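J.: Got a structure for you, questions after.
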Number of protein chains: 2
Amino acid sequence: MFPGPGLTSFQVSEVIEGFLPVSAQTSYGGDRAFDRLLAGAGKAAGVRVSTARAVRDLLRGVLGAPPGLRAEDWMALVASRPPVALKAQLGALKARMEGVPAEDLPPADRLPALRARLTAMGVDGFIVPRADAHQGEHVPASEQRLVWLTGFTGSAGIAVVLADKAALFVDGRYTLQARNEVDTARFSVQHVSRLPPSRWVAANIPRGAVLGYDPWRTTPREVARFAAACDEAGARLKALARNPVDAVWRGRPAPPLAPIHPLATRFAGENAADKRRRIAAGLAADGIDAAVLTRPDSIAWLLNIRGGDVANAPLPLAFALIRKDARVDLFIDARKLLPETLVHLGAAVTVRPVAALGPALDALGARKQSVLADPAGAPDWVFRRLRRAGADIRDGDDPCQMPKACKNRVELAGIRAAHRRDGAALTRFLAWLAAEAPKGRLTERGAADVLEVLRAEGRHFQGLSFPTISGAGPHGAIVHYRVTAETDRKLRPGEIYLLDSGAQYLDGTTDVTRTLFVGGGKAPSAAMKDHFTRVLKGHIRLAMVRFPEGTSGSQLDVLARSALWQAGLEYDHGTGHGVGHFLNVHEGPHRISQVPNAVALRPGMVVSNEPGYYKAGAYGIRIENLVAVRADGKGVGGRQMYAFETLTLAPIERRLIEPRLLSAEEKAWLDAYHQRVATVIGPRLDAKSRAWLRKATAPV
Amino acid sequence: MFPGPGLTSFQVSEVIEGFLPVSAQTSYGGDRAFDRLLAGAGKAAGVRVSTARAVRDLLRGVLGAPPGLRAEDWMALVASRPPVALKAQLGALKARMEGVPAEDLPPADRLPALRARLTAMGVDGFIVPRADAHQGEHVPASEQRLVWLTGFTGSAGIAVVLADKAALFVDGRYTLQARNEVDTARFSVQHVSRLPPSRWVAANIPRGAVLGYDPWRTTPREVARFAAACDEAGARLKALARNPVDAVWRGRPAPPLAPIHPLATRFAGENAADKRRRIAAGLAADGIDAAVLTRPDSIAWLLNIRGGDVANAPLPLAFALIRKDARVDLFIDARKLLPETLVHLGAAVTVRPVAALGPALDALGARKQSVLADPAGAPDWVFRRLRRAGADIRDGDDPCQMPKACKNRVELAGIRAAHRRDGAALTRFLAWLAAEAPKGRLTERGAADVLEVLRAEGRHFQGLSFPTISGAGPHGAIVHYRVTAETDRKLRPGEIYLLDSGAQYLDGTTDVTRTLFVGGGKAPSAAMKDHFTRVLKGHIRLAMVRFPEGTSGSQLDVLARSALWQAGLEYDHGTGHGVGHFLNVHEGPHRISQVPNAVALRPGMVVSNEPGYYKAGAYGIRIENLVAVRADGKGVGGRQMYAFETLTLAPIERRLIEPRLLSAEEKAWLDAYHQRVATVIGPRLDAKSRAWLRKATAPV
């Protein structure tokens, strides 16, 4: 969690630590006593929830949200300054509610129960996307229908259930994981780009069948694809008013409730009123009356607020309308808004319940207004409602996505500072690992925990930006491996160890991958060094490229791959994703990818540079730095040229490099990078780590 | 021209040379005498046109077609074996008709006349694309509305005329040329990707206005863009039944009539019946009843025929329907079909007039058949007609484009043979140029003529595949420069000379660019060498790349550019275009380009590799070889890998190379390529040229 304006997180944690620790042992004293406690605390404590019943209701939402950085964070939703006794009772009530096990169907019964429900609803199939209504990567517990139904926990996927068959579609990162997690007798696991779900539907749905979908969780672009597939097969696609999964998902958590804080302008670099006016001016120039915002990251950026409704990203789940006069309607469960956040939002932002969104769209339609919505990101429901209301719908990109992607000077300065802190934590960890790993006692999970502790010591730390990928030996080849109690294994001498991790800081988001060699008297094989060095060549070629205005990431992608291709090697994931400023670790609209993408790279965009190679059953290699697009002078004819500024600062494993494979230019880049790491990170380390870093950054 | 099956072009020219030469001096003896001559020649001569009036009508079409390789080629349309006297009279009649000057509006009056016509038709604007109904690069004289109206002669462009303004949109290759050719007071010249015509329309068309378009010469994809732009501006797009340009274009030539010949299977590698069955099986598998073919290159490929309706490509302008039972309806002016071609087409191909296309589409609709048409390549008219008829329209790619692009073994062998012949002609020319150019007397046009003469000596030669680009000094910087009597200039010592040329052979199409230095005692500047070597690095990096199955040309494009970008240089055209087999020198669906394109490169595809750099007012540099995609073993995990086989064989200017800029790998590629050129081309040369080649291909 992070403070409101004017209070650093360091100060906040000092204040919180001054409180009496809340013990889970304190027993709950009953609703009547609790009601009295709330009444007694009153105004002085800033109490905003007046009955035990309302607190219980609130707590259901709190339990549907991820835990905050500190156990007391959620209590701000009840009272601004809760007295010790109230905190103790709040803690006890939460513990009691957590202790009640959620009743649910056993996993094997879920697909049959859903099919029975579909039959009762008169449809022959249903699309189960991973997405919620916000179409983001991060989905709260209440929206994890795909996990509940299939067991698949990856960050992208979609299932289609028909009467006699069902399939789960995942991308190349997740094919191995999906086959491990999913009962493949029930769900055939498909590679989404080799057999897209719409093609599967076209080939498998019976003529005359009706395929249902949830218009809140499906975009018009997806609807169009599925509709065409159904049409081709002589079947029909139908929007369902209620999601049939919810009817059979007995243990479904409540929608999340986590406190929403303002983000100070000294972090954001531009105040929210200026952002609102900037976006509104763009709408007015395009003859648009209002834009529907359905992405929480857009809303967080626009209003300079951050929440905690999902894990790993400070998102406030909400919808919004921004009008051409810069006024905003924010559709949200108002219980999440702290008093200081309401003050921060100000009079130009009207807070309304989510249920008011439909009538607000109807009102736009009744006035025949031009309304912008993004057919690739907004729910089909929004378009259907606008169409029915008679609005003049303008398909277009979410107007906040591009300005959000192009970081301002303050954001970039914060991101650089966050990377210095993050690099110091990672380097301390790497120095420790170099000494500890060869002993053969360290496990994947233990290593990840140590790194998290070191990171958490950093100023402005707000949690991890994604679950750490800590994969030793063959686990490294599972691209989005997540260590669990069952899979945890030791790092063994002679093995390659892949570590992909990142953090959220108030001033920036980090994401870095290093691939290490666990020595312990063993030397890496020639193949390991060949593979690692080819990945490194790709990383360096991309890091060094200079390119003209108008170039997209798709155009640059091959630079990261061709050294691998030369040896018949390849990696089945993108080369780079956009990264937010204390927001999503994956953000658009730009990317560096084989998939065609016409979005030009612009100054201030942050993107990862992360080629890899994965040898199934043996090891995984990935080298990832974040980079920012920066101006790099003018080319001939005045053409604006760009280059990448590497943001991430941590040594790259020298023991896995085969120097003969590097060109003179590539060696020069690597040595200069390591020199920079030593100069910037060295002074931030203890003497022992600093001595290790000196060797780890020596010229190759 | 080229022979029917079983007769080589060499044999044909021997036969023709045996005839009495036709003299243009012979005077025409009058229609009555001519009618008698035709009747007298009769069956023995294979006469198929029986009256002077019909011959005159035919000749109007002949005059609308480009001249054949030999002056008598067109006479095959009148008689298979015309006696000498008939040939003389045919030649005299043609000379007489050619001698009558076409009356037409002066260029300055054309735009006002069109506007007056638009007003009379009740529309406020009109779209004038360069395309004809076949949407190809090559457009016959009768369809050159854009040239007639604007003066712009480039190979791609579109104009939009409104009541008070008009604009011409061209791509980066043509911006300089367009400003030279067009009256910019009447037409503002726009870079099509910076300001697409639809955006210009949205910004400039008045609210309430009606913008007309010709549905025969506009694709549904274009219609959709213009319709959206009109909608945005509150205007309306309207299909016009008659093209208003034709109403004011008094001197409009007749649609072209040139003889259509069969192409022997020993050149095509697959007989036409097999091709028809292959395409039909694909349609049947997709549940499609028929496909509309509107591209003459698809029809030429499918039926193994070649025509002469447009310059530089052996296209038979026609439309076709292929049905799932492999039967074909060919909609064409039957006068173009020689008797042997009718025999070759066989009973499964029904020849019908072009006017029968509409009723044929109506019949498909009446039977509710599924009809495939390409919204990116077929006229909007086809879709409108099919829709009105009630057909089940399936949008999809032209089914011949992909099989045509992937050359078979016989085609590839022919293409290699054509390149050996072409390379020998070019190398003889280069040796001659090296001796002749320094004298300072040679002009751009003179050089191009010598090269054409040398090429024409080659077996199977059928003409140039495009007008030679012969640009000395600053002319080289005009990307698609075409030398005329007015622009012709000398090649001066110390200058760079760019030569882009190619030919059509019965067994393949070539396209090669070499950039030469005109010595004459002068040395190239350091900048010239830097620029040339960076272009060469790009060419070599692309030539050397190995890539996995599924990779598109767009993904590879940056390899050809990054060495230029490093120095702030760039070129404003694609890196590579597909090339046909004795067909279009530019063919799809693949390309190597910055424009996103998801078409994967497949074995047998031929594509150019032609990075460049253009210093306006000084010189142009381009290095172009054709390459073919070939299998290159399996990668790790069994992944199919591909590489390029370089087809073009001619030395690359060593005097312009700065060896210090080349990596060891790049030098090795260049030396090996030159070694191959010396080995393959050397033995085909005279001793003097061979001696020159030895030096020109020495290691750098």
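Just so we're on the same page: first chain in the structure tokens is A, next is B, and so on; residues restart at 1 for each chain, and ligands are numbered from 1 in the order they show up.
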Sort by chain and increasing residue number a table of all residues of chain A within 8 Å of chain B, each with its closest pair of atoms and their distance in Å to one decimal, counting only C-alpha atoms, and write it as JSON lines.

T.:
```
{"residue": "A:Val545", "atom": "CA", "partner": "B:Ser562", "partner_atom": "CA", "distance": 7.0}
{"residue": "A:Arg546", "atom": "CA", "partner": "B:Gln566", "partner_atom": "CA", "distance": 5.4}
{"residue": "A:Phe547", "atom": "CA", "partner": "B:Trp565", "partner_atom": "CA", "distance": 5.5}
{"residue": "A:Pro548", "atom": "CA", "partner": "B:Trp565", "partner_atom": "CA", "distance": 6.9}
{"residue": "A:Ser554", "atom": "CA", "partner": "B:Gln555", "partner_atom": "CA", "distance": 6.9}
{"residue": "A:Gln555", "atom": "CA", "partner": "B:Gln555", "partner_atom": "CA", "distance": 5.9}
{"residue": "A:Leu556", "atom": "CA", "partner": "B:Val558", "partner_atom": "CA", "distance": 6.3}
{"residue": "A:Asp557", "atom": "CA", "partner": "B:Gln555", "partner_atom": "CA", "distance": 7.0}
{"residue": "A:Val558", "atom": "CA", "partner": "B:Gln555", "partner_atom": "CA", "distance": 6.0}
{"residue": "A:Leu559", "atom": "CA", "partner": "B:Leu559", "partner_atom": "CA", "distance": 7.3}
{"residue": "A:Ser562", "atom": "CA", "partner": "B:Val545", "partner_atom": "CA", "distance": 7.0}
{"residue": "A:Trp565", "atom": "CA", "partner": "B:Phe547", "partner_atom": "CA", "distance": 5.5}
{"residue": "A:Gln566", "atom": "CA", "partner": "B:Arg546", "partner_atom": "CA", "distance": 5.4}
{"residue": "A:Ala567", "atom": "CA", "partner": "B:Gly635", "partner_atom": "CA", "distance": 7.1}
{"residue": "A:Gly568", "atom": "CA", "partner": "B:Gly635", "partner_atom": "CA", "distance": 3.7}
{"residue": "A:Leu569", "atom": "CA", "partner": "B:Val636", "partner_atom": "CA", "distance": 5.7}
{"residue": "A:Glu570", "atom": "CA", "partner": "B:Pro548", "partner_atom": "CA", "distance": 7.9}
{"residue": "A:Gln594", "atom": "CA", "partner": "B:Gln555", "partner_atom": "CA", "distance": 6.6}
{"residue": "A:Val595", "atom": "CA", "partner": "B:Ala598", "partner_atom": "CA", "distance": 7.8}
{"residue": "A:Pro596", "atom": "CA", "partner": "B:Pro596", "partner_atom": "CA", "distance": 5.3}
{"residue": "A:Asn597", "atom": "CA", "partner": "B:Pro596", "partner_atom": "CA", "distance": 6.8}
{"residue": "A:Ala598", "atom": "CA", "partner": "B:Pro596", "partner_atom": "CA", "distance": 6.6}
{"residue": "A:Lys634", "atom": "CA", "partner": "B:Gly568", "partner_atom": "CA", "distance": 6.9}
{"residue": "A:Gly635", "atom": "CA", "partner": "B:Gly568", "partner_atom": "CA", "distance": 3.7}
{"residue": "A:Val636", "atom": "CA", "partner": "B:Gly568", "partner_atom": "CA", "distance": 5.6}
{"residue": "A:Arg639", "atom": "CA", "partner": "B:Gly568", "partner_atom": "CA", "distance": 7.6}
{"residue": "A:Met641", "atom": "CA", "partner": "B:Gly568", "partner_atom": "CA", "distance": 6.8}
```

J.: Applying 7 Å and only C-alpha atoms, which residues near stretch 601-609 of chain B remain after dropping the ones on its own chain fewer than 2 positions away? List them as a list in words.

T.: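 That gives Ala405, Cys406, Lys407, Asn408, His539, Gly550, Thr551, Ser552, Gly553, Thr575, Gly576, His577, Gly578, Val579, His590, Arg591, Val599, Pro611, Glu624, Asn625, Leu626, Val627, Ala628, Val629, Arg630 and Ala631 of chain B.
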
J.: Keeping only N, CA and C atoms, write the selected residues as a PDB file, in the first residue's frame.

T.:
```pdb
ATOM      1  N   ALA B 405       2.383 -18.125 -56.487  1.00  0.00           N
ATOM      2  CA  ALA B 405       3.589 -17.545 -55.875  1.00  0.00           C
ATOM      3  C   ALA B 405       4.629 -18.615 -55.550  1.00  0.00           C
ATOM      4  N   CYS B 406       4.157 -19.827 -55.218  1.00  0.00           N
ATOM      5  CA  CYS B 406       5.085 -20.899 -54.839  1.00  0.00           C
ATOM      6  C   CYS B 406       5.457 -21.680 -56.100  1.00  0.00           C
ATOM      7  N   LYS B 407       6.575 -21.307 -56.686  1.00  0.00           N
ATOM      8  CA  LYS B 407       6.955 -21.893 -57.971  1.00  0.00           C
ATOM      9  C   LYS B 407       7.289 -23.376 -57.829  1.00  0.00           C
ATOM     10  N   ASN B 408       6.904 -24.144 -58.854  1.00  0.00           N
ATOM     11  CA  ASN B 408       7.235 -25.565 -58.834  1.00  0.00           C
ATOM     12  C   ASN B 408       8.662 -25.783 -59.366  1.00  0.00           C
ATOM     13  N   HIS B 539      21.692  -5.563 -47.982  1.00  0.00           N
ATOM     14  CA  HIS B 539      21.440  -6.596 -48.988  1.00  0.00           C
ATOM     15  C   HIS B 539      22.012  -7.940 -48.511  1.00  0.00           C
ATOM     16  N   GLY B 550       6.854 -19.956 -41.164  1.00  0.00           N
ATOM     17  CA  GLY B 550       5.892 -19.032 -40.553  1.00  0.00           C
ATOM     18  C   GLY B 550       6.375 -17.593 -40.543  1.00  0.00           C
ATOM     19  N   THR B 551       7.640 -17.378 -40.915  1.00  0.00           N
ATOM     20  CA  THR B 551       8.180 -16.014 -40.899  1.00  0.00           C
ATOM     21  C   THR B 551       7.706 -15.252 -42.139  1.00  0.00           C
ATOM     22  N   SER B 552       7.273 -14.015 -41.946  1.00  0.00           N
ATOM     23  CA  SER B 552       6.845 -13.194 -43.080  1.00  0.00           C
ATOM     24  C   SER B 552       7.967 -12.261 -43.505  1.00  0.00           C
ATOM     25  N   GLY B 553       7.834 -11.734 -44.712  1.00  0.00           N
ATOM     26  CA  GLY B 553       8.818 -10.777 -45.207  1.00  0.00           C
ATOM     27  C   GLY B 553       8.877  -9.519 -44.358  1.00  0.00           C
ATOM     28  N   THR B 575      11.445  -3.362 -49.392  1.00  0.00           N
ATOM     29  CA  THR B 575      12.738  -4.013 -49.610  1.00  0.00           C
ATOM     30  C   THR B 575      12.638  -5.106 -50.657  1.00  0.00           C
ATOM     31  N   GLY B 576      11.474  -5.705 -50.799  1.00  0.00           N
ATOM     32  CA  GLY B 576      11.362  -6.781 -51.771  1.00  0.00           C
ATOM     33  C   GLY B 576       9.936  -7.030 -52.202  1.00  0.00           C
ATOM     34  N   HIS B 577       9.760  -7.342 -53.480  1.00  0.00           N
ATOM     35  CA  HIS B 577       8.448  -7.683 -54.012  1.00  0.00           C
ATOM     36  C   HIS B 577       8.521  -9.083 -54.602  1.00  0.00           C
ATOM     37  N   GLY B 578       7.388  -9.794 -54.572  1.00  0.00           N
ATOM     38  CA  GLY B 578       7.316 -11.073 -55.248  1.00  0.00           C
ATOM     39  C   GLY B 578       7.493 -10.884 -56.747  1.00  0.00           C
ATOM     40  N   VAL B 579       7.960 -11.927 -57.446  1.00  0.00           N
ATOM     41  CA  VAL B 579       8.164 -11.867 -58.895  1.00  0.00           C
ATOM     42  C   VAL B 579       7.526 -13.111 -59.512  1.00  0.00           C
ATOM     43  N   HIS B 590       3.142 -12.232 -51.000  1.00  0.00           N
ATOM     44  CA  HIS B 590       4.215 -11.973 -50.054  1.00  0.00           C
ATOM     45  C   HIS B 590       4.979 -10.721 -50.465  1.00  0.00           C
ATOM     46  N   ARG B 591       5.690 -10.145 -49.550  1.00  0.00           N
ATOM     47  CA  ARG B 591       6.616  -9.060 -49.855  1.00  0.00           C
ATOM     48  C   ARG B 591       7.540  -8.885 -48.658  1.00  0.00           C
ATOM     49  N   VAL B 599       1.749 -12.674 -44.404  1.00  0.00           N
ATOM     50  CA  VAL B 599       1.931 -13.819 -45.296  1.00  0.00           C
ATOM     51  C   VAL B 599       3.315 -14.429 -45.074  1.00  0.00           C
ATOM     52  N   PRO B 611      17.498  -3.196 -51.078  1.00  0.00           N
ATOM     53  CA  PRO B 611      17.635  -1.963 -50.302  1.00  0.00           C
ATOM     54  C   PRO B 611      18.287  -0.873 -51.147  1.00  0.00           C
ATOM     55  N   GLU B 624      20.025  -4.833 -56.171  1.00  0.00           N
ATOM     56  CA  GLU B 624      18.885  -5.749 -56.223  1.00  0.00           C
ATOM     57  C   GLU B 624      19.251  -7.071 -56.876  1.00  0.00           C
ATOM     58  N   ASN B 625      19.028  -8.135 -56.137  1.00  0.00           N
ATOM     59  CA  ASN B 625      19.031  -9.487 -56.687  1.00  0.00           C
ATOM     60  C   ASN B 625      17.662 -10.094 -56.434  1.00  0.00           C
ATOM     61  N   LEU B 626      17.245 -11.019 -57.290  1.00  0.00           N
ATOM     62  CA  LEU B 626      16.091 -11.846 -56.943  1.00  0.00           C
ATOM     63  C   LEU B 626      16.585 -13.055 -56.156  1.00  0.00           C
ATOM     64  N   VAL B 627      15.768 -13.487 -55.197  1.00  0.00           N
ATOM     65  CA  VAL B 627      16.093 -14.667 -54.408  1.00  0.00           C
ATOM     66  C   VAL B 627      14.859 -15.572 -54.381  1.00  0.00           C
ATOM     67  N   ALA B 628      15.102 -16.859 -54.162  1.00  0.00           N
ATOM     68  CA  ALA B 628      13.984 -17.804 -54.007  1.00  0.00           C
ATOM     69  C   ALA B 628      14.062 -18.395 -52.610  1.00  0.00           C
ATOM     70  N   VAL B 629      12.914 -18.596 -51.990  1.00  0.00           N
ATOM     71  CA  VAL B 629      12.884 -19.233 -50.675  1.00  0.00           C
ATOM     72  C   VAL B 629      13.152 -20.723 -50.857  1.00  0.00           C
ATOM     73  N   ARG B 630      14.112 -21.251 -50.084  1.00  0.00           N
ATOM     74  CA  ARG B 630      14.410 -22.685 -50.181  1.00  0.00           C
ATOM     75  C   ARG B 630      14.467 -23.282 -48.777  1.00  0.00           C
ATOM     76  N   ALA B 631      14.171 -24.578 -48.666  1.00  0.00           N
ATOM     77  CA  ALA B 631      14.289 -25.271 -47.386  1.00  0.00           C
ATOM     78  C   ALA B 631      15.747 -25.269 -46.968  1.00  0.00           C
TER      79      ALA B 631
END
```

J.: Just the number, please: distance in Å from atom CA of B:Gly423 to atom CA of B:Ile469, one decimal.

T.: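 It comes out at 17.0 Å.
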
J.: List as a ChimeraX atom specification the protein and nucleic acid residues near A:Gly473, meaning an atom at most 12 Å away when only C-alpha atoms are counted, but skip any in the same chain fewer than 5 places from it.

T.: /A:443-444,478,481,488-499,515-518,528,614-621

J.: Any chance you can output those residues with N, CA and C atoms as a PDB file, in the first residue's frame?

T.:
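So selection29.pdb came out as:
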```
ATOM      1  N   THR A 443      16.558 -23.638  -2.619  1.00  0.00           N
ATOM      2  CA  THR A 443      15.472 -24.053  -3.522  1.00  0.00           C
ATOM      3  C   THR A 443      14.974 -22.842  -4.324  1.00  0.00           C
ATOM      4  N   GLU A 444      14.187 -23.146  -5.334  1.00  0.00           N
ATOM      5  CA  GLU A 444      13.614 -22.099  -6.185  1.00  0.00           C
ATOM      6  C   GLU A 444      12.805 -21.110  -5.357  1.00  0.00           C
ATOM      7  N   ILE A 478       9.888 -24.073 -18.744  1.00  0.00           N
ATOM      8  CA  ILE A 478       8.440 -23.798 -18.699  1.00  0.00           C
ATOM      9  C   ILE A 478       8.312 -22.281 -18.637  1.00  0.00           C
ATOM     10  N   TYR A 481       6.708 -20.536 -15.699  1.00  0.00           N
ATOM     11  CA  TYR A 481       6.738 -21.429 -14.544  1.00  0.00           C
ATOM     12  C   TYR A 481       6.475 -20.654 -13.257  1.00  0.00           C
ATOM     13  N   ASP A 488       8.550 -27.190  -6.091  1.00  0.00           N
ATOM     14  CA  ASP A 488       9.804 -26.580  -5.613  1.00  0.00           C
ATOM     15  C   ASP A 488      10.948 -27.597  -5.655  1.00  0.00           C
ATOM     16  N   ARG A 489      12.090 -27.170  -6.163  1.00  0.00           N
ATOM     17  CA  ARG A 489      13.246 -28.068  -6.220  1.00  0.00           C
ATOM     18  C   ARG A 489      14.504 -27.277  -5.948  1.00  0.00           C
ATOM     19  N   LYS A 490      15.578 -28.012  -5.666  1.00  0.00           N
ATOM     20  CA  LYS A 490      16.852 -27.368  -5.361  1.00  0.00           C
ATOM     21  C   LYS A 490      17.540 -26.890  -6.639  1.00  0.00           C
ATOM     22  N   LEU A 491      18.369 -25.845  -6.481  1.00  0.00           N
ATOM     23  CA  LEU A 491      19.260 -25.402  -7.554  1.00  0.00           C
ATOM     24  C   LEU A 491      20.513 -26.271  -7.460  1.00  0.00           C
ATOM     25  N   ARG A 492      20.776 -27.054  -8.501  1.00  0.00           N
ATOM     26  CA  ARG A 492      21.886 -28.014  -8.400  1.00  0.00           C
ATOM     27  C   ARG A 492      23.111 -27.520  -9.156  1.00  0.00           C
ATOM     28  N   PRO A 493      24.279 -27.799  -8.636  1.00  0.00           N
ATOM     29  CA  PRO A 493      25.506 -27.403  -9.331  1.00  0.00           C
ATOM     30  C   PRO A 493      25.508 -27.892 -10.776  1.00  0.00           C
ATOM     31  N   GLY A 494      25.998 -27.031 -11.659  1.00  0.00           N
ATOM     32  CA  GLY A 494      26.050 -27.397 -13.078  1.00  0.00           C
ATOM     33  C   GLY A 494      24.780 -27.057 -13.826  1.00  0.00           C
ATOM     34  N   GLU A 495      23.765 -26.532 -13.091  1.00  0.00           N
ATOM     35  CA  GLU A 495      22.492 -26.219 -13.732  1.00  0.00           C
ATOM     36  C   GLU A 495      22.396 -24.745 -14.128  1.00  0.00           C
ATOM     37  N   ILE A 496      21.488 -24.502 -15.054  1.00  0.00           N
ATOM     38  CA  ILE A 496      21.107 -23.134 -15.379  1.00  0.00           C
ATOM     39  C   ILE A 496      19.879 -22.776 -14.550  1.00  0.00           C
ATOM     40  N   TYR A 497      19.856 -21.532 -14.052  1.00  0.00           N
ATOM     41  CA  TYR A 497      18.749 -21.075 -13.198  1.00  0.00           C
ATOM     42  C   TYR A 497      18.187 -19.786 -13.792  1.00  0.00           C
ATOM     43  N   LEU A 498      16.886 -19.803 -14.098  1.00  0.00           N
ATOM     44  CA  LEU A 498      16.245 -18.643 -14.713  1.00  0.00           C
ATOM     45  C   LEU A 498      15.389 -17.911 -13.679  1.00  0.00           C
ATOM     46  N   LEU A 499      15.578 -16.593 -13.574  1.00  0.00           N
ATOM     47  CA  LEU A 499      14.899 -15.803 -12.552  1.00  0.00           C
ATOM     48  C   LEU A 499      14.302 -14.557 -13.193  1.00  0.00           C
ATOM     49  N   THR A 515      19.587 -15.026 -16.224  1.00  0.00           N
ATOM     50  CA  THR A 515      19.785 -16.464 -16.316  1.00  0.00           C
ATOM     51  C   THR A 515      21.170 -16.747 -15.752  1.00  0.00           C
ATOM     52  N   LEU A 516      21.221 -17.536 -14.676  1.00  0.00           N
ATOM     53  CA  LEU A 516      22.462 -17.732 -13.941  1.00  0.00           C
ATOM     54  C   LEU A 516      22.977 -19.150 -14.105  1.00  0.00           C
ATOM     55  N   PHE A 517      24.263 -19.294 -13.850  1.00  0.00           N
ATOM     56  CA  PHE A 517      24.829 -20.632 -13.833  1.00  0.00           C
ATOM     57  C   PHE A 517      25.160 -20.997 -12.391  1.00  0.00           C
ATOM     58  N   VAL A 518      24.651 -22.140 -11.972  1.00  0.00           N
ATOM     59  CA  VAL A 518      24.953 -22.613 -10.625  1.00  0.00           C
ATOM     60  C   VAL A 518      26.260 -23.398 -10.708  1.00  0.00           C
ATOM     61  N   MET A 528      25.192 -24.995 -23.681  1.00  0.00           N
ATOM     62  CA  MET A 528      24.640 -23.939 -22.811  1.00  0.00           C
ATOM     63  C   MET A 528      25.208 -22.575 -23.204  1.00  0.00           C
ATOM     64  N   TYR A 614      14.532 -22.005 -24.938  1.00  0.00           N
ATOM     65  CA  TYR A 614      14.051 -22.986 -23.968  1.00  0.00           C
ATOM     66  C   TYR A 614      14.289 -24.377 -24.491  1.00  0.00           C
ATOM     67  N   LYS A 615      15.086 -25.137 -23.749  1.00  0.00           N
ATOM     68  CA  LYS A 615      15.368 -26.508 -24.146  1.00  0.00           C
ATOM     69  C   LYS A 615      14.543 -27.386 -23.211  1.00  0.00           C
ATOM     70  N   ALA A 616      13.433 -27.911 -23.749  1.00  0.00           N
ATOM     71  CA  ALA A 616      12.474 -28.639 -22.907  1.00  0.00           C
ATOM     72  C   ALA A 616      13.181 -29.767 -22.164  1.00  0.00           C
ATOM     73  N   GLY A 617      12.898 -29.886 -20.876  1.00  0.00           N
ATOM     74  CA  GLY A 617      13.486 -30.940 -20.061  1.00  0.00           C
ATOM     75  C   GLY A 617      14.900 -30.643 -19.608  1.00  0.00           C
ATOM     76  N   ALA A 618      15.463 -29.508 -20.001  1.00  0.00           N
ATOM     77  CA  ALA A 618      16.865 -29.232 -19.669  1.00  0.00           C
ATOM     78  C   ALA A 618      17.036 -27.867 -18.990  1.00  0.00           C
ATOM     79  N   TYR A 619      16.727 -26.778 -19.721  1.00  0.00           N
ATOM     80  CA  TYR A 619      16.885 -25.459 -19.112  1.00  0.00           C
ATOM     81  C   TYR A 619      16.200 -24.391 -19.947  1.00  0.00           C
ATOM     82  N   GLY A 620      16.027 -23.237 -19.303  1.00  0.00           N
ATOM     83  CA  GLY A 620      15.490 -22.079 -20.004  1.00  0.00           C
ATOM     84  C   GLY A 620      16.467 -20.928 -19.886  1.00  0.00           C
ATOM     85  N   ILE A 621      16.548 -20.136 -20.957  1.00  0.00           N
ATOM     86  CA  ILE A 621      17.429 -18.960 -20.968  1.00  0.00           C
ATOM     87  C   ILE A 621      16.583 -17.769 -21.377  1.00  0.00           C
TER      88      ILE A 621
END
```

J.: Check stretch 258-486 of chain B with DSSP on the backbone and list each residue it calls strand (DSSP E or B), as a PyMOL selection string.

T.: chain B and resi 260-262+290-293+305-306+310+313+319-323+328-331+337+349-352+370-373+392-395+443+461-464+469-472

J.: Using only C-alpha atoms, can you tell me which of A:Ala600, A:Val49, A:Ile322, A:Ile623 comes closest to A:Ile299?

T.: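 Smallest distance to A:Ile299 is found for A:Ile322.
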
J.: Counting only C-alpha atoms, what is within 6 Å of stretch 372-389 of chain B, bar same-chain residues fewer than 4 positions away, as a PyMOL selection string?

T.: chain B and resi 215-221+291-292+294+361-362+365+394-398

J.: Which polymer residues have any atom within 9 Å of an atom of B:Leu63, counting only C-alpha atoms, with same-chain residues fewer than 4 positions away left out, as an NGL selection string?

T.: :B and (58-59 or 67 or 94 or 97-98 or 253-257)
